[in-house]
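Taking it in order: structure first as structure tokens, then the write-up.
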Amino acid sequence: MITLMVNGAPRELAPRSTVAGLLRSLGIDPRLVVVEHNRAILRDRETYSMHALRDGDSIEIVHFVGGG
Amino acid sequence: MGIAIDTSLDISPLVIGGREFRSRLMVGTGKYASNSEMIRAIEASGAEVVTVAVRRVDLSRANDEGILHHLDPEQFFLLANTAGCYNAEDAIRYARLGRAAGFNEWVKLEVIGDTETLLPDTAGLLEATRVLASEGFKVLAYTNDDLITALRLEDAGAAAVMPLASPIGSGLGMLNPYAIRTIKSRLGVPVIVDAGVGTASDACIVMEQGVDGILMNTGIAAASDPVRMATAMRQAVEAGRLAYLAGRMPRRETAVPSSPLTGMIGE
């Protein structure tokens, strides 16, 4: 297993996991979120299934909420 | 149905960054008791520009719904903010995340300098404005009512400058009309007053200063009846704009009769 920081908390994933797989396992619709991988924004959702995750990586998954 | 106001009398539409907006009232989406009440209030406000915040998806909650479940990006112009950012680096990061959501390249830029007053860190704000403007963002910069900062923000490439009426969420109304008028008279870019409007009369008085628009959130969301207040705010913004365009009568310290002095019976 590999361990990543996802939204500030450690999370174990299978080796060779991808961003698409992570979102699927979390039940998140990729169209409604933005993903940042090691501080770099992944701008093209089409690449999520090819975007490999490694041990120690940091992922932020954000979306729009109410605000002023 | 509300009372129809003839907005055709407002001959010049609000234009920011080359884009025309039909309403001079922009509203936030925070602090509502429910999403359905938020939507009804926004619709009653007539606002086209609607602000949203960028936050982590809560992975501990199944189905942490973002606001896009309730707010149609086709119906409203979503303006991402950088609320909660206390330095330029964080604000730039949040702005880029908001842009990556894919709706537009606009940001309501906040760089806060103090947790108690939520007043802006103007040095960080200027730095972030420069960087984001150079990346093609349309930056709407939330700032204090200081003229020099407003001028520097315009120089830094801000598409609009957003001085506060009073601190965020305070509902104190406009504390310094002179400063707001001065900023408006000196800037080429639109001036949108952001924060501090507590009730309809506050909004009307702000618009009577000649500013281009108002952004508000708590003034509507924290009212006992947000939908009714949203309607009042829409009418107040329109009334204040029309009163500004109409040009108020001069103030006098003495009375001047409105009725003829001649033709009285018994003369």
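In the structure tokens, chains take the letters A, B, ... in the order shown, each chain's residues start at 1, and ligands count up from 1 in the order shown.
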
Exercise answer, chain A residues close to chain B, 9 Å and only C-alpha atoms, as a VMD selection string: chain A and resid 6 to 7 26 to 28 31 to 36 39 41 to 44 60 to 68

Using the selection just defined, write its residues with N, CA and C atoms as a PDB file, in the first residue's frame.
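part.pdb written:
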ATOM      1  N   VAL A   6      -4.531  13.176   1.762  1.00  0.00           N
ATOM      2  CA  VAL A   6      -5.677  13.615   0.965  1.00  0.00           C
ATOM      3  C   VAL A   6      -6.514  14.575   1.812  1.00  0.00           C
ATOM      4  N   ASN A   7      -6.604  15.806   1.365  1.00  0.00           N
ATOM      5  CA  ASN A   7      -7.291  16.860   2.123  1.00  0.00           C
ATOM      6  C   ASN A   7      -6.822  16.905   3.581  1.00  0.00           C
ATOM      7  N   LEU A  26     -13.817   7.491  -3.543  1.00  0.00           N
ATOM      8  CA  LEU A  26     -14.423   8.447  -2.605  1.00  0.00           C
ATOM      9  C   LEU A  26     -15.849   8.801  -3.006  1.00  0.00           C
ATOM     10  N   GLY A  27     -16.287   8.300  -4.148  1.00  0.00           N
ATOM     11  CA  GLY A  27     -17.643   8.600  -4.603  1.00  0.00           C
ATOM     12  C   GLY A  27     -17.814  10.032  -5.062  1.00  0.00           C
ATOM     13  N   ILE A  28     -16.738  10.624  -5.610  1.00  0.00           N
ATOM     14  CA  ILE A  28     -16.771  12.037  -6.010  1.00  0.00           C
ATOM     15  C   ILE A  28     -16.887  12.159  -7.526  1.00  0.00           C
ATOM     16  N   ARG A  31     -16.444  16.066 -12.258  1.00  0.00           N
ATOM     17  CA  ARG A  31     -16.867  17.328 -12.881  1.00  0.00           C
ATOM     18  C   ARG A  31     -17.173  18.408 -11.850  1.00  0.00           C
ATOM     19  N   LEU A  32     -17.360  18.017 -10.596  1.00  0.00           N
ATOM     20  CA  LEU A  32     -17.779  18.975  -9.579  1.00  0.00           C
ATOM     21  C   LEU A  32     -16.651  19.384  -8.629  1.00  0.00           C
ATOM     22  N   VAL A  33     -15.435  18.911  -8.900  1.00  0.00           N
ATOM     23  CA  VAL A  33     -14.321  19.240  -8.008  1.00  0.00           C
ATOM     24  C   VAL A  33     -13.093  19.669  -8.817  1.00  0.00           C
ATOM     25  N   VAL A  34     -12.154  20.254  -8.099  1.00  0.00           N
ATOM     26  CA  VAL A  34     -10.843  20.548  -8.679  1.00  0.00           C
ATOM     27  C   VAL A  34      -9.814  19.806  -7.831  1.00  0.00           C
ATOM     28  N   VAL A  35      -8.839  19.201  -8.496  1.00  0.00           N
ATOM     29  CA  VAL A  35      -7.828  18.407  -7.796  1.00  0.00           C
ATOM     30  C   VAL A  35      -6.462  19.068  -7.945  1.00  0.00           C
ATOM     31  N   GLU A  36      -5.791  19.167  -6.826  1.00  0.00           N
ATOM     32  CA  GLU A  36      -4.425  19.682  -6.795  1.00  0.00           C
ATOM     33  C   GLU A  36      -3.517  18.534  -6.340  1.00  0.00           C
ATOM     34  N   ARG A  39       0.602  20.354  -5.018  1.00  0.00           N
ATOM     35  CA  ARG A  39       0.468  21.813  -5.238  1.00  0.00           C
ATOM     36  C   ARG A  39       0.282  22.201  -6.700  1.00  0.00           C
ATOM     37  N   ILE A  41      -2.219  22.171  -9.922  1.00  0.00           N
ATOM     38  CA  ILE A  41      -3.611  21.924 -10.273  1.00  0.00           C
ATOM     39  C   ILE A  41      -3.677  21.035 -11.511  1.00  0.00           C
ATOM     40  N   LEU A  42      -4.523  20.012 -11.461  1.00  0.00           N
ATOM     41  CA  LEU A  42      -4.733  19.145 -12.625  1.00  0.00           C
ATOM     42  C   LEU A  42      -5.878  19.740 -13.442  1.00  0.00           C
ATOM     43  N   ARG A  43      -5.538  20.409 -14.501  1.00  0.00           N
ATOM     44  CA  ARG A  43      -6.535  21.221 -15.216  1.00  0.00           C
ATOM     45  C   ARG A  43      -7.372  20.395 -16.180  1.00  0.00           C
ATOM     46  N   ASP A  44      -6.851  19.252 -16.594  1.00  0.00           N
ATOM     47  CA  ASP A  44      -7.570  18.465 -17.597  1.00  0.00           C
ATOM     48  C   ASP A  44      -8.120  17.176 -16.969  1.00  0.00           C
ATOM     49  N   GLU A  60      -5.179  17.642  -2.845  1.00  0.00           N
ATOM     50  CA  GLU A  60      -6.263  18.469  -2.332  1.00  0.00           C
ATOM     51  C   GLU A  60      -7.438  18.359  -3.302  1.00  0.00           C
ATOM     52  N   ILE A  61      -8.609  18.075  -2.764  1.00  0.00           N
ATOM     53  CA  ILE A  61      -9.831  18.008  -3.570  1.00  0.00           C
ATOM     54  C   ILE A  61     -10.761  19.093  -3.058  1.00  0.00           C
ATOM     55  N   VAL A  62     -11.031  20.075  -3.918  1.00  0.00           N
ATOM     56  CA  VAL A  62     -11.832  21.226  -3.459  1.00  0.00           C
ATOM     57  C   VAL A  62     -13.048  21.401  -4.366  1.00  0.00           C
ATOM     58  N   HIS A  63     -14.006  22.154  -3.847  1.00  0.00           N
ATOM     59  CA  HIS A  63     -15.194  22.498  -4.637  1.00  0.00           C
ATOM     60  C   HIS A  63     -15.713  23.862  -4.176  1.00  0.00           C
ATOM     61  N   PHE A  64     -16.750  24.326  -4.836  1.00  0.00           N
ATOM     62  CA  PHE A  64     -17.353  25.600  -4.461  1.00  0.00           C
ATOM     63  C   PHE A  64     -18.377  25.384  -3.358  1.00  0.00           C
ATOM     64  N   VAL A  65     -18.321  26.244  -2.350  1.00  0.00           N
ATOM     65  CA  VAL A  65     -19.328  26.250  -1.289  1.00  0.00           C
ATOM     66  C   VAL A  65     -19.866  27.680  -1.166  1.00  0.00           C
ATOM     67  N   GLY A  66     -20.868  27.846  -0.335  1.00  0.00           N
ATOM     68  CA  GLY A  66     -21.441  29.175  -0.140  1.00  0.00           C
ATOM     69  C   GLY A  66     -20.431  30.128   0.469  1.00  0.00           C
ATOM     70  N   GLY A  67     -20.419  31.348  -0.022  1.00  0.00           N
ATOM     71  CA  GLY A  67     -19.490  32.347   0.507  1.00  0.00           C
ATOM     72  C   GLY A  67     -19.806  33.725  -0.032  1.00  0.00           C
ATOM     73  N   GLY A  68     -19.234  34.737   0.593  1.00  0.00           N
ATOM     74  CA  GLY A  68     -19.595  36.122   0.231  1.00  0.00           C
ATOM     75  C   GLY A  68     -18.523  36.849  -0.523  1.00  0.00           C
TER      76      GLY A  68
END

Strand (DSSP E or B) per DSSP on the backbone: members of region 24-183 of chain B, as a PyMOL selection string: chain B and resi 25-27+49-56+77-81+106-109+112+120+138-143+160-163

Let me see the file: selected residues, C-alpha atoms, as a tab-separated table (two decimals), in the first residue's frame.
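File result-v2.tsv, as written:
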chain	number	residue	atom	x	y	z
B	25	LEU	CA	-26.33	44.18	-7.22
B	26	MET	CA	-24.01	41.22	-6.65
B	27	VAL	CA	-24.74	38.75	-3.89
B	49	VAL	CA	-23.02	37.90	-10.29
B	50	VAL	CA	-23.02	35.42	-7.41
B	51	THR	CA	-19.97	34.80	-5.24
B	52	VAL	CA	-18.82	31.39	-4.04
B	53	ALA	CA	-15.93	30.17	-1.89
B	54	VAL	CA	-13.39	27.41	-2.57
B	55	ARG	CA	-13.08	24.80	0.17
B	56	ARG	CA	-11.97	21.21	0.69
B	77	PHE	CA	-22.17	34.37	-13.24
B	78	LEU	CA	-20.13	32.56	-10.59
B	79	LEU	CA	-17.47	34.70	-8.98
B	80	ALA	CA	-15.02	32.68	-6.87
B	81	ASN	CA	-13.60	34.45	-3.86
B	106	TRP	CA	-12.67	36.12	-12.57
B	107	VAL	CA	-11.87	36.33	-8.90
B	108	LYS	CA	-13.11	38.35	-5.99
B	109	LEU	CA	-9.73	38.78	-4.38
B	112	ILE	CA	-7.30	39.47	4.93
B	120	PRO	CA	-7.57	43.70	4.12
B	138	LYS	CA	-10.19	39.67	-14.01
B	139	VAL	CA	-9.45	40.74	-10.47
B	140	LEU	CA	-12.15	42.35	-8.35
B	141	ALA	CA	-10.17	43.46	-5.33
B	142	TYR	CA	-11.82	43.74	-1.93
B	143	THR	CA	-10.12	46.61	-0.15
B	160	ALA	CA	-12.72	46.57	-10.45
B	161	VAL	CA	-11.96	47.91	-7.00
B	162	MET	CA	-14.24	46.94	-4.13
B	163	PRO	CA	-13.94	49.23	-1.13

All alpha helix (DSSP H) residues (DSSP, backbone) inside region 36-264 of chain B, as a PyMOL selection string: chain B and resi 36-45+88-100+122-134+147-155+177-186+200-208+218-221+226-246

Among listed residues B:Glu48, B:Glu89, B:Leu242, B:Met207, nearest Pro73 (chain B) (using only C-alpha atoms):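 Of all the options, B:Glu48 lies closest to Pro73 (chain B).
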